[in-house]
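Dropping work33.pdb in here (PDB, C-alpha atoms):
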```
ATOM      1  CA  MET S   1     -17.532 -23.621 -18.030
ATOM      2  CA  GLY S   2     -13.754 -23.274 -18.352
ATOM      3  CA  LEU S   3     -11.126 -25.747 -17.303
ATOM      4  CA  PHE S   4     -10.214 -23.532 -14.382
ATOM      5  CA  SER S   5     -13.696 -22.812 -13.118
ATOM      6  CA  ARG S   6     -13.547 -21.824  -9.488
ATOM      7  CA  LYS S   7     -15.402 -23.429  -6.627
ATOM      8  CA  THR S   8     -16.123 -21.482  -3.488
ATOM      9  CA  ALA S   9     -12.878 -21.116  -1.549
ATOM     10  CA  PRO S  10     -12.582 -20.142   2.100
ATOM     11  CA  THR S  11     -12.008 -16.433   2.569
ATOM     12  CA  PRO S  12     -11.009 -14.422   5.635
ATOM     13  CA  SER S  13     -13.575 -12.276   7.465
ATOM     14  CA  ARG S  14     -11.918  -9.156   6.067
ATOM     15  CA  PRO S  15      -9.633  -8.900   3.044
ATOM     16  CA  GLN S  16      -5.887  -8.740   3.614
ATOM     17  CA  THR S  17      -4.882  -5.549   1.892
ATOM     18  CA  LEU S  18      -1.563  -4.361   0.490
ATOM     19  CA  GLY S  19       0.469  -1.255   1.223
ATOM     20  CA  SER S  20       0.630   2.235  -0.169
ATOM     21  CA  GLY S  21       1.870   3.263  -3.603
ATOM     22  CA  ARG S  22       2.935   6.167  -5.789
ATOM     23  CA  SER S  23       0.356   8.073  -7.829
ATOM     24  CA  LEU S  24       1.382   9.392 -11.248
ATOM     25  CA  ARG S  25      -0.167  10.876 -14.356
ATOM     26  CA  SER S  26       0.712  10.421 -18.002
ATOM     27  CA  ASP S  27      -0.489  12.198 -21.140
ATOM     28  CA  LEU S  28      -0.280   8.914 -23.047
ATOM     29  CA  ALA S  29      -3.220   6.688 -23.878
ATOM     30  CA  VAL S  30      -3.343   3.549 -21.753
ATOM     31  CA  ASP S  31      -2.084   1.363 -24.623
ATOM     32  CA  ASP S  32       1.006   3.510 -25.031
ATOM     33  CA  ALA S  33       1.505   3.773 -21.261
ATOM     34  CA  LEU S  34       1.510  -0.027 -21.004
ATOM     35  CA  GLY S  35       3.962  -0.206 -23.885
ATOM     36  CA  ALA S  36       6.256   2.265 -22.121
ATOM     37  CA  LEU S  37       6.155   0.117 -18.978
ATOM     38  CA  GLU S  38       7.135  -3.018 -20.888
ATOM     39  CA  ASP S  39       9.927  -1.132 -22.649
ATOM     40  CA  ALA S  40      11.202   0.141 -19.306
ATOM     41  CA  VAL S  41      11.182  -3.307 -17.703
ATOM     42  CA  GLY S  42      12.951  -4.713 -20.756
ATOM     43  CA  THR S  43      15.969  -2.465 -20.103
ATOM     44  CA  TYR S  44      16.904  -4.348 -16.924
ATOM     45  CA  GLN S  45      15.151  -7.718 -17.030
ATOM     46  CA  GLN S  46      15.400 -10.638 -19.436
ATOM     47  CA  ARG S  47      12.577 -13.056 -20.063
ATOM     48  CA  PRO S  48      13.141 -16.214 -17.976
ATOM     49  CA  TYR S  49      11.599 -18.132 -20.867
ATOM     50  CA  PRO S  50      11.380 -16.913 -24.471
ATOM     51  CA  ASP S  51       7.601 -16.714 -24.426
ATOM     52  CA  MET S  52       7.062 -15.593 -20.827
ATOM     53  CA  PRO S  53       6.004 -11.941 -20.551
ATOM     54  CA  LEU S  54       7.861  -9.247 -18.641
ATOM     55  CA  VAL S  55       4.548  -7.560 -17.810
ATOM     56  CA  SER S  56       1.515  -9.712 -17.105
ATOM     57  CA  GLU S  57      -2.102  -9.257 -16.167
ATOM     58  CA  ALA S  58      -2.709  -9.152 -12.413
ATOM     59  CA  GLY S  59      -5.689 -10.168 -10.337
ATOM     60  CA  VAL S  60      -6.704  -7.156  -8.225
ATOM     61  CA  SER S  61      -9.707  -6.375  -6.045
ATOM     62  CA  TRP S  62      -9.969  -2.593  -5.610
ATOM     63  CA  LEU S  63     -11.056  -1.419  -2.155
ATOM     64  CA  GLY S  64     -10.124   2.252  -2.339
ATOM     65  CA  ALA S  65     -12.132   5.364  -3.044
ATOM     66  CA  GLY S  66     -13.450   5.950  -6.530
ATOM     67  CA  PRO S  67     -13.804   3.558  -9.441
ATOM     68  CA  ALA S  68     -11.737   0.414  -9.832
ATOM     69  CA  PRO S  69      -8.779   0.612 -12.231
ATOM     70  CA  ASP S  70      -9.399  -0.185 -15.876
ATOM     71  CA  THR S  71      -6.202  -2.239 -16.150
ATOM     72  CA  ALA S  72      -3.943  -3.943 -13.613
ATOM     73  CA  VAL S  73      -0.578  -5.552 -14.396
ATOM     74  CA  CYS S  74       2.386  -6.937 -12.487
ATOM     75  CA  CYS S  75       6.118  -6.755 -13.193
ATOM     76  CA  LEU S  76       9.444  -6.590 -11.343
ATOM     77  CA  ASP S  77      11.296  -3.451 -10.322
ATOM     78  CA  VAL S  78      15.008  -2.998 -10.948
ATOM     79  CA  ASP S  79      15.722  -4.740  -7.632
ATOM     80  CA  SER S  80      13.562  -7.738  -8.682
ATOM     81  CA  HIS S  81      10.792  -6.904  -6.209
ATOM     82  CA  PRO S  82       7.212  -7.353  -7.464
ATOM     83  CA  ILE S  83       5.392  -4.148  -8.311
ATOM     84  CA  PHE S  84       1.813  -3.594  -9.433
ATOM     85  CA  ALA S  85       0.751  -0.980 -11.960
ATOM     86  CA  LEU S  86      -2.891   0.126 -12.006
ATOM     87  CA  TYR S  87      -4.323   2.357 -14.741
ATOM     88  CA  TRP S  88      -7.362   4.617 -14.858
ATOM     89  CA  THR S  89      -8.171   6.296 -18.170
ATOM     90  CA  ASP S  90      -9.730   9.717 -18.655
ATOM     91  CA  GLN S  91      -9.896  12.372 -21.343
ATOM     92  CA  ALA S  92      -6.570  13.901 -20.280
ATOM     93  CA  GLY S  93      -4.604  10.663 -20.473
ATOM     94  CA  VAL S  94      -4.125   8.081 -17.760
ATOM     95  CA  LYS S  95      -3.750   8.010 -13.988
ATOM     96  CA  ILE S  96      -1.259   5.414 -12.782
ATOM     97  CA  ALA S  97      -0.662   3.812  -9.379
ATOM     98  CA  LEU S  98       2.647   1.997  -8.881
ATOM     99  CA  ILE S  99       2.451  -0.153  -5.768
ATOM    100  CA  PRO S 100       5.439  -2.248  -4.673
ATOM    101  CA  LEU S 101       4.854  -5.342  -2.598
ATOM    102  CA  GLY S 102       5.311  -4.649   1.104
ATOM    103  CA  SER S 103       4.230  -2.021   3.592
ATOM    104  CA  GLY S 104       5.370   1.343   4.878
ATOM    105  CA  ASP S 105       5.740   4.604   2.988
ATOM    106  CA  ALA S 106       9.541   4.525   3.237
ATOM    107  CA  ARG S 107       9.703   1.916   0.478
ATOM    108  CA  LEU S 108       8.056   4.401  -1.920
ATOM    109  CA  GLN S 109      11.225   6.502  -1.938
ATOM    110  CA  ALA S 110      13.202   3.631  -3.475
ATOM    111  CA  MET S 111      11.381   2.865  -6.720
ATOM    112  CA  PRO S 112      13.970   3.059  -9.512
ATOM    113  CA  ILE S 113      11.401   1.897 -12.053
ATOM    114  CA  ILE S 114       9.896   5.402 -12.063
ATOM    115  CA  GLY S 115      13.102   7.001 -13.320
ATOM    116  CA  THR S 116      13.481   4.296 -15.956
ATOM    117  CA  LEU S 117       9.859   4.696 -17.018
ATOM    118  CA  LYS S 118      10.253   8.461 -17.490
ATOM    119  CA  GLY S 119      12.833   7.708 -20.155
ATOM    120  CA  PHE S 120      10.062   6.126 -22.231
ATOM    121  CA  ASP S 121       7.277   8.491 -21.144
ATOM    122  CA  PRO S 122       8.543  12.078 -20.674
ATOM    123  CA  SER S 123       5.011  13.221 -19.808
ATOM    124  CA  LEU S 124       5.021  11.130 -16.605
ATOM    125  CA  SER S 125       4.653  13.208 -13.434
ATOM    126  CA  SER S 126       4.188  12.357  -9.756
ATOM    127  CA  THR S 127       0.911  13.420  -8.172
ATOM    128  CA  GLY S 128       1.117  11.967  -4.660
ATOM    129  CA  THR S 129       0.503   8.622  -3.036
ATOM    130  CA  ILE S 130      -2.113   5.896  -2.973
ATOM    131  CA  PRO S 131      -3.047   5.041   0.645
ATOM    132  CA  ASP S 132      -2.425   1.573   1.980
ATOM    133  CA  GLY S 133      -5.388  -0.771   2.123
ATOM    134  CA  SER S 134      -6.573   0.321  -1.324
ATOM    135  CA  PHE S 135      -6.492  -3.131  -2.891
ATOM    136  CA  THR S 136      -5.896  -6.785  -2.339
ATOM    137  CA  LEU S 137      -4.625  -9.437  -4.718
ATOM    138  CA  THR S 138      -6.724 -12.150  -6.284
ATOM    139  CA  PRO S 139      -5.488 -15.105  -8.362
ATOM    140  CA  PRO S 140      -4.248 -14.098 -11.806
ATOM    141  CA  PRO S 141      -6.714 -14.796 -14.619
ATOM    142  CA  PHE S 142      -6.440 -18.070 -16.499
ATOM    143  CA  PRO S 143      -7.781 -18.057 -20.089
ATOM    144  CA  ASP S 144     -10.291 -20.780 -20.856
ATOM    145  CA  ASP S 145      -8.013 -22.256 -23.525
ATOM    146  CA  TYR S 146      -4.910 -22.177 -21.299
ATOM    147  CA  CYS S 147      -4.372 -25.962 -21.239
ATOM    148  CA  ALA S 148      -5.177 -26.377 -24.929
ATOM    149  CA  ASP S 149      -2.610 -23.753 -25.840
ATOM    150  CA  ILE S 150       0.048 -25.427 -23.691
ATOM    151  CA  LEU S 151      -0.500 -28.677 -25.550
ATOM    152  CA  SER S 152      -0.492 -27.059 -28.984
ATOM    153  CA  ARG S 153       2.659 -25.064 -28.364
ATOM    154  CA  CYS S 154       4.440 -28.107 -26.951
ATOM    155  CA  GLY S 155       3.514 -30.282 -29.924
ATOM    156  CA  TYR S 156       0.792 -32.494 -28.408
ATOM    157  CA  PRO S 157      -2.727 -33.004 -29.716
ATOM    158  CA  VAL S 158      -5.564 -31.333 -27.844
ATOM    159  CA  THR S 159      -7.521 -34.366 -26.652
ATOM    160  CA  PRO S 160      -9.800 -34.727 -23.622
ATOM    161  CA  HIS S 161      -7.209 -36.983 -21.973
ATOM    162  CA  ASN S 162      -4.349 -34.546 -22.538
ATOM    163  CA  LEU S 163      -6.406 -31.603 -21.302
ATOM    164  CA  THR S 164      -7.223 -33.483 -18.105
ATOM    165  CA  VAL S 165      -3.567 -34.392 -17.538
ATOM    166  CA  VAL S 166      -2.253 -30.855 -18.037
ATOM    167  CA  GLN S 167      -4.986 -29.375 -15.862
ATOM    168  CA  ALA S 168      -4.083 -31.810 -13.068
ATOM    169  CA  LYS S 169      -0.345 -31.102 -13.351
ATOM    170  CA  ILE S 170      -0.857 -27.353 -13.126
ATOM    171  CA  GLY S 171      -3.058 -27.867 -10.069
ATOM    172  CA  GLU S 172      -0.402 -30.088  -8.472
ATOM    173  CA  SER S 173       2.256 -27.446  -9.123
ATOM    174  CA  ALA S 174       0.095 -24.781  -7.484
ATOM    175  CA  VAL S 175      -0.472 -27.016  -4.441
ATOM    176  CA  LEU S 176       3.256 -27.701  -4.077
ATOM    177  CA  LYS S 177       4.287 -24.039  -4.197
ATOM    178  CA  SER S 178       1.439 -23.049  -1.879
ATOM    179  CA  TRP S 179       2.473 -25.732   0.592
ATOM    180  CA  GLN S 180       6.043 -24.406   0.580
ATOM    181  CA  PHE S 181       4.893 -20.860   1.359
ATOM    182  CA  ILE S 182       2.491 -21.894   4.128
ATOM    183  CA  ASN S 183       4.794 -24.535   5.637
ATOM    184  CA  SER S 184       7.485 -21.902   6.197
ATOM    185  CA  GLN S 185       5.172 -20.329   8.780
ATOM    186  CA  ASP S 186       2.686 -22.972   9.887
ATOM    187  CA  SER S 187       3.312 -26.660   9.164
ATOM    188  CA  ALA S 188      -0.092 -27.761  10.460
ATOM    189  CA  ALA S 189      -1.897 -25.269   8.233
ATOM    190  CA  ALA S 190       0.227 -26.423   5.286
ATOM    191  CA  SER S 191      -0.808 -30.051   5.821
ATOM    192  CA  GLN S 192      -4.468 -29.049   6.053
ATOM    193  CA  PHE S 193      -4.123 -26.983   2.888
ATOM    194  CA  THR S 194      -2.673 -29.927   0.972
ATOM    195  CA  ALA S 195      -5.416 -32.253   2.225
ATOM    196  CA  ARG S 196      -8.083 -29.825   0.998
ATOM    197  CA  HIS S 197      -6.627 -29.709  -2.495
ATOM    198  CA  GLN S 198      -5.876 -33.283  -3.491
ATOM    199  CA  ALA S 199      -7.789 -32.828  -6.741
ATOM    200  CA  SER S 200      -8.387 -29.078  -6.998
ATOM    201  CA  SER S 201      -8.075 -26.796  -9.987
ATOM    202  CA  ALA S 202      -5.283 -24.229 -10.062
ATOM    203  CA  GLU S 203      -7.738 -21.386  -9.491
ATOM    204  CA  ASP S 204      -9.210 -23.087  -6.426
ATOM    205  CA  VAL S 205      -5.717 -23.556  -5.003
ATOM    206  CA  LEU S 206      -4.650 -19.972  -5.672
ATOM    207  CA  ALA S 207      -7.911 -18.563  -4.291
ATOM    208  CA  ASP S 208      -7.289 -20.461  -1.056
ATOM    209  CA  LEU S 209      -3.658 -19.281  -0.988
ATOM    210  CA  ALA S 210      -4.828 -15.685  -1.456
ATOM    211  CA  ALA S 211      -7.235 -16.142   1.459
ATOM    212  CA  TRP S 212      -4.299 -17.230   3.627
ATOM    213  CA  ASN S 213      -2.053 -14.370   2.479
ATOM    214  CA  PRO S 214      -2.540 -12.568  -0.862
ATOM    215  CA  GLY S 215       0.994 -11.211  -0.639
ATOM    216  CA  THR S 216       2.338 -14.675  -1.483
ATOM    217  CA  LEU S 217       0.817 -14.679  -4.991
ATOM    218  CA  PRO S 218       3.600 -12.646  -6.679
ATOM    219  CA  LEU S 219       6.452 -14.482  -4.950
ATOM    220  CA  HIS S 220       6.532 -17.325  -7.451
ATOM    221  CA  PRO S 221       6.396 -16.605 -11.175
ATOM    222  CA  GLY S 222       4.191 -19.611 -11.829
ATOM    223  CA  LEU S 223       1.524 -18.111  -9.585
ATOM    224  CA  SER S 224       1.726 -14.433 -10.438
ATOM    225  CA  LYS S 225       2.423 -15.054 -14.120
ATOM    226  CA  PRO S 226       0.835 -18.353 -15.131
ATOM    227  CA  PHE S 227       3.091 -20.184 -17.536
ATOM    228  CA  PRO S 228       2.852 -23.753 -18.779
ATOM    229  CA  VAL S 229       4.529 -26.787 -17.393
ATOM    230  CA  ARG S 230       6.146 -27.964 -20.611
ATOM    231  CA  PRO S 231       5.433 -31.627 -21.419
ATOM    232  CA  HIS S 232       8.059 -31.846 -24.196
ATOM    233  CA  ARG S 233       7.296 -34.486 -26.769
ATOM    234  CA  GLY S 234       9.325 -37.626 -26.156
ATOM    235  CA  GLY S 235      10.952 -36.207 -23.016
ATOM    236  CA  PRO S 236      10.794 -37.844 -19.611
ATOM    237  CA  ARG S 237       7.923 -35.638 -18.465
ATOM    238  CA  GLY S 238       5.935 -36.487 -21.568
ATOM    239  CA  ARG S 239       6.332 -40.221 -20.899
ATOM    240  CA  ARG S 240       5.606 -39.920 -17.207
ATOM    241  CA  TRP S 241       2.485 -37.898 -17.875
ATOM    242  CA  ARG S 242       1.221 -40.549 -20.327
ATOM    243  CA  LEU S 243       0.066 -37.963 -22.823
ATOM    244  CA  ASP S 244      -1.558 -38.897 -26.105
ATOM    245  CA  HIS S 245       0.797 -38.326 -29.026
ATOM    246  CA  GLY S 246      -0.192 -37.111 -32.442
ATOM    247  CA  PRO S 247       0.402 -39.158 -35.586
ATOM    248  CA  SER S 248       3.808 -37.490 -36.062
ATOM    249  CA  PRO S 249       6.094 -35.182 -34.084
ATOM    250  CA  VAL S 250       5.052 -31.570 -34.237
ATOM    251  CA  GLU S 251       7.426 -28.793 -33.316
ATOM    252  CA  PRO S 252       6.051 -26.302 -30.776
ATOM    253  CA  GLN S 253       4.435 -23.366 -32.554
ATOM    254  CA  ARG S 254       5.076 -19.976 -30.998
ATOM    255  CA  GLU S 255       3.886 -16.624 -32.208
ATOM    256  CA  PRO S 256       6.090 -13.641 -31.430
ATOM    257  CA  LEU S 257       5.002 -11.679 -28.408
ATOM    258  CA  PRO S 258       3.379  -8.391 -29.446
ATOM    259  CA  PRO S 259       4.267  -5.142 -27.696
ATOM    260  CA  PHE S 260       2.172  -4.605 -24.598
ATOM    261  CA  GLY S 261       1.213  -1.206 -25.967
ATOM    262  CA  GLY S 262      -0.815  -3.037 -28.630
ATOM    263  CA  ARG S 263      -3.111  -3.908 -25.727
ATOM    264  CA  SER S 264      -2.572  -7.613 -26.182
ATOM    265  CA  THR S 265      -2.131  -9.298 -22.841
ATOM    266  CA  SER S 266       0.624 -11.889 -22.667
ATOM    267  CA  VAL S 267      -0.081 -14.696 -20.237
ATOM    268  CA  GLY S 268       2.451 -17.480 -20.007
ATOM    269  CA  CYS S 269       3.252 -18.971 -23.386
ATOM    270  CA  ARG S 270       0.087 -17.583 -24.900
ATOM    271  CA  THR S 271      -1.151 -14.189 -25.965
ATOM    272  CA  THR S 272      -4.765 -13.185 -25.594
ATOM    273  CA  ALA S 273      -6.324  -9.997 -26.821
ATOM    274  CA  PRO S 274      -8.606  -8.379 -24.245
ATOM    275  CA  HIS S 275     -12.327  -8.270 -24.757
ATOM    276  CA  THR S 276     -13.620  -5.222 -26.551
TER     277      THR S 276
END
```

Could the structure of this file be written out as structure tokens, please?
Amino acid sequence: MGLFSRKTAPTPSRPQTLGSGRSLRSDLAVDDALGALEDAVGTYQQRPYPDMPLVSEAGVSWLGAGPAPDTAVCCLDVDSHPIFALYWTDQAGVKIALIPLGSGDARLQAMPIIGTLKGFDPSLSSTGTIPDGSFTLTPPPFPDDYCADILSRCGYPVTPHNLTVVQAKIGESAVLKSWQFINSQDSAAASQFTARHQASSAEDVLADLAAWNPGTLPLHPGLSKPFPVRPHRGGPRGRRWRLDHGPSPVEPQREPLPPFGGRSTSVGCRTTAPHT
């Protein structure tokens, strides 16, 4: 069982769905289509952290007609609004749904990312719209070795104590951001939420937040794109967290981020290849 194993979280009687989106088709294979998306986003957005991805895996529950998408990712449009890209593969290439956060078809006419994307994929063509209510968001996936990789990249030994500390800190961060979102609309519900999650895992917290309103998940990069709280060796956070230190200082080890078209999925300060 992974560090972020999920307990049963309260869910609404019916899922809270998201709005409509644009439907497109590309002659590219899905790997190349994902690479084109990352290249397009890279023309107008810089990485907030050197090893934080511009395009990251998204948690999506498909409710529409037909099969669920093979791949779902999240990024920002030119105007910094979250947008979801869903991919279905077939023999002719790939079907793509681009769905910006929000509701109403009017917002589909203002999606500058499509023009930027066509510069990297000339085969891209519009085929219509995806109706609203086709999907809802779920918490983004956390790799089983998420905490271990945080420690390794930040120069700390992977010990049971350190794993427990990092897991708790990530959970606390998720509770804090969730409380801020909920408190802006319902202070009583925010207090109840915090009381329920005094010692919860990050996935439990985010599942409960998604049950309250899945549209809040992309509004904070630490929730839509999990990235590590960095317990720098010797820094104030490292001391306050009381982490075990190795026998000697170790500089954080970072591998260069591969192109998304290579079908590696960048999550936070780690890169995981998808299952084959």

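CA of Arg107 in chain S is positioned 14.2 Å from CA of Gly128 in chain S.
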
Q.
So the first atom is CA of Leu151 in chain S and the second is CA of Arg242 in chain S; what is the distance between them in Å, to one decimal place?
A. 13.1 Å

(Q) For the provided coordinates, the residues matched by the PyMOL selection byres ((chain S and resi 34-43) around 6) should be stated as a PyMOL selection string. (A) chain S and resi 31-33+44-45+116-117+120+260-261

**Q.** Atomic separation - CA of Asn162 in chain S relative to CA of His197 in chain S, Å
**A.** 20.7 Å

Each residue of range 104-168 of chain S lying at most 7 Å from range 62-70 of chain S should get a row with its shortest atom-to-atom pair and the distance in Å to one decimal, counting only C-alpha atoms; could you produce that, ordered by chain and increasing number, as CSV?
```
residue,atom,partner,partner_atom,distance
S:Ser134,CA,S:Gly64,CA,4.2
S:Phe135,CA,S:Trp62,CA,4.4
S:Thr136,CA,S:Trp62,CA,6.7
```

Q: Please evaluate the PyMOL selection byres ((chain S and resi 81) around 10) against the structure above and give the resulting residues as number ranges by chain.
A: S: 75-80, 82-83, 100-102, 111, 218-219

**Q.** Nearest to Ser123 in chain S, chosen from S:Ser187, S:Thr216, S:Ser26, S:Ser178, with all atoms listed in the file counted in the distances
**A.**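 Closest to Ser123 in chain S, using all atoms listed in the file: S:Ser26.
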
With the PyMOL selection byres ((chain S and resi 99) around 10) as the selection, what would be picked from this file? Answer as a PDB file with C-alpha atoms, in the frame of the given file, please.
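Below is the file that was written, selection_36.pdb:
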```pdb
ATOM      1  CA  LEU S  18      -1.563  -4.361   0.490  1.00  0.00           C
ATOM      2  CA  GLY S  19       0.469  -1.255   1.223  1.00  0.00           C
ATOM      3  CA  SER S  20       0.630   2.235  -0.169  1.00  0.00           C
ATOM      4  CA  GLY S  21       1.870   3.263  -3.603  1.00  0.00           C
ATOM      5  CA  ARG S  22       2.935   6.167  -5.789  1.00  0.00           C
ATOM      6  CA  SER S  23       0.356   8.073  -7.829  1.00  0.00           C
ATOM      7  CA  CYS S  74       2.386  -6.937 -12.487  1.00  0.00           C
ATOM      8  CA  PRO S  82       7.212  -7.353  -7.464  1.00  0.00           C
ATOM      9  CA  ILE S  83       5.392  -4.148  -8.311  1.00  0.00           C
ATOM     10  CA  PHE S  84       1.813  -3.594  -9.433  1.00  0.00           C
ATOM     11  CA  ALA S  85       0.751  -0.980 -11.960  1.00  0.00           C
ATOM     12  CA  LEU S  86      -2.891   0.126 -12.006  1.00  0.00           C
ATOM     13  CA  ILE S  96      -1.259   5.414 -12.782  1.00  0.00           C
ATOM     14  CA  ALA S  97      -0.662   3.812  -9.379  1.00  0.00           C
ATOM     15  CA  LEU S  98       2.647   1.997  -8.881  1.00  0.00           C
ATOM     16  CA  PRO S 100       5.439  -2.248  -4.673  1.00  0.00           C
ATOM     17  CA  LEU S 101       4.854  -5.342  -2.598  1.00  0.00           C
ATOM     18  CA  GLY S 102       5.311  -4.649   1.104  1.00  0.00           C
ATOM     19  CA  SER S 103       4.230  -2.021   3.592  1.00  0.00           C
ATOM     20  CA  ARG S 107       9.703   1.916   0.478  1.00  0.00           C
ATOM     21  CA  LEU S 108       8.056   4.401  -1.920  1.00  0.00           C
ATOM     22  CA  MET S 111      11.381   2.865  -6.720  1.00  0.00           C
ATOM     23  CA  THR S 129       0.503   8.622  -3.036  1.00  0.00           C
ATOM     24  CA  ILE S 130      -2.113   5.896  -2.973  1.00  0.00           C
ATOM     25  CA  PRO S 131      -3.047   5.041   0.645  1.00  0.00           C
ATOM     26  CA  ASP S 132      -2.425   1.573   1.980  1.00  0.00           C
ATOM     27  CA  PHE S 135      -6.492  -3.131  -2.891  1.00  0.00           C
TER      28      PHE S 135
END
```

Q. How would you write as a PyMOL selection string the residues that get within 8 Å of (-3.2, -27.4, -21.6) in the file's frame, counting all atoms listed in the file?
A. chain S and resi 145-152+158+162-163+166-167+228

Please produce a file of the residues just selected, as a compact mmCIF listing (two decimals), in the frame of the given file, where the atoms kept are C-alpha atoms.
```txt
# COMPACT_ATOMS: atom_id res chain seq x y z
CA ASP S 145 -8.01 -22.26 -23.52
CA TYR S 146 -4.91 -22.18 -21.30
CA CYS S 147 -4.37 -25.96 -21.24
CA ALA S 148 -5.18 -26.38 -24.93
CA ASP S 149 -2.61 -23.75 -25.84
CA ILE S 150 0.05 -25.43 -23.69
CA LEU S 151 -0.50 -28.68 -25.55
CA SER S 152 -0.49 -27.06 -28.98
CA VAL S 158 -5.56 -31.33 -27.84
CA ASN S 162 -4.35 -34.55 -22.54
CA LEU S 163 -6.41 -31.60 -21.30
CA VAL S 166 -2.25 -30.86 -18.04
CA GLN S 167 -4.99 -29.38 -15.86
CA PRO S 228 2.85 -23.75 -18.78
```

Q: Compile the contact shell of Asp27 in chain S as a PyMOL selection string: residues with an atom at most 7 Å away, counting only C-alpha atoms, same-chain residues fewer than 3 positions apart removed.
A: chain S and resi 92-94+123

Q: Rank S:Thr127, S:Gln198, S:Gln109, S:Thr89 by their smallest atom-to-atom distance to Ala174 in chain S, using all atoms listed in the file, and report the top residue only.
A: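 Nearest to Ala174 in chain S: S:Gln198.
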
**Q.** Top pick for closest residue to Asp121 in chain S, considering S:Pro214, S:Leu28, S:Pro53, S:Ala199 and counting only C-alpha atoms
**A.** S:Leu28

Where is the centre and how long are the edges: axis-aligned box on range 64-72 of chain S, 3 Å on each side, Å to one decimal, as AutoDock Vina command-line options:
```
--center_x -8.9 --center_y 1.0 --center_z -9.2 --size_x 15.9 --size_y 15.9 --size_z 19.8
```

Q | Nearest-residue call for Ser173 in chain S, choices S:Ala195, S:Ala190, S:Ala110, S:Val205, using only C-alpha atoms | A |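 Of S:Ala195, S:Ala190, S:Ala110, S:Val205, the one nearest Ser173 in chain S, counting only C-alpha atoms, is S:Val205.
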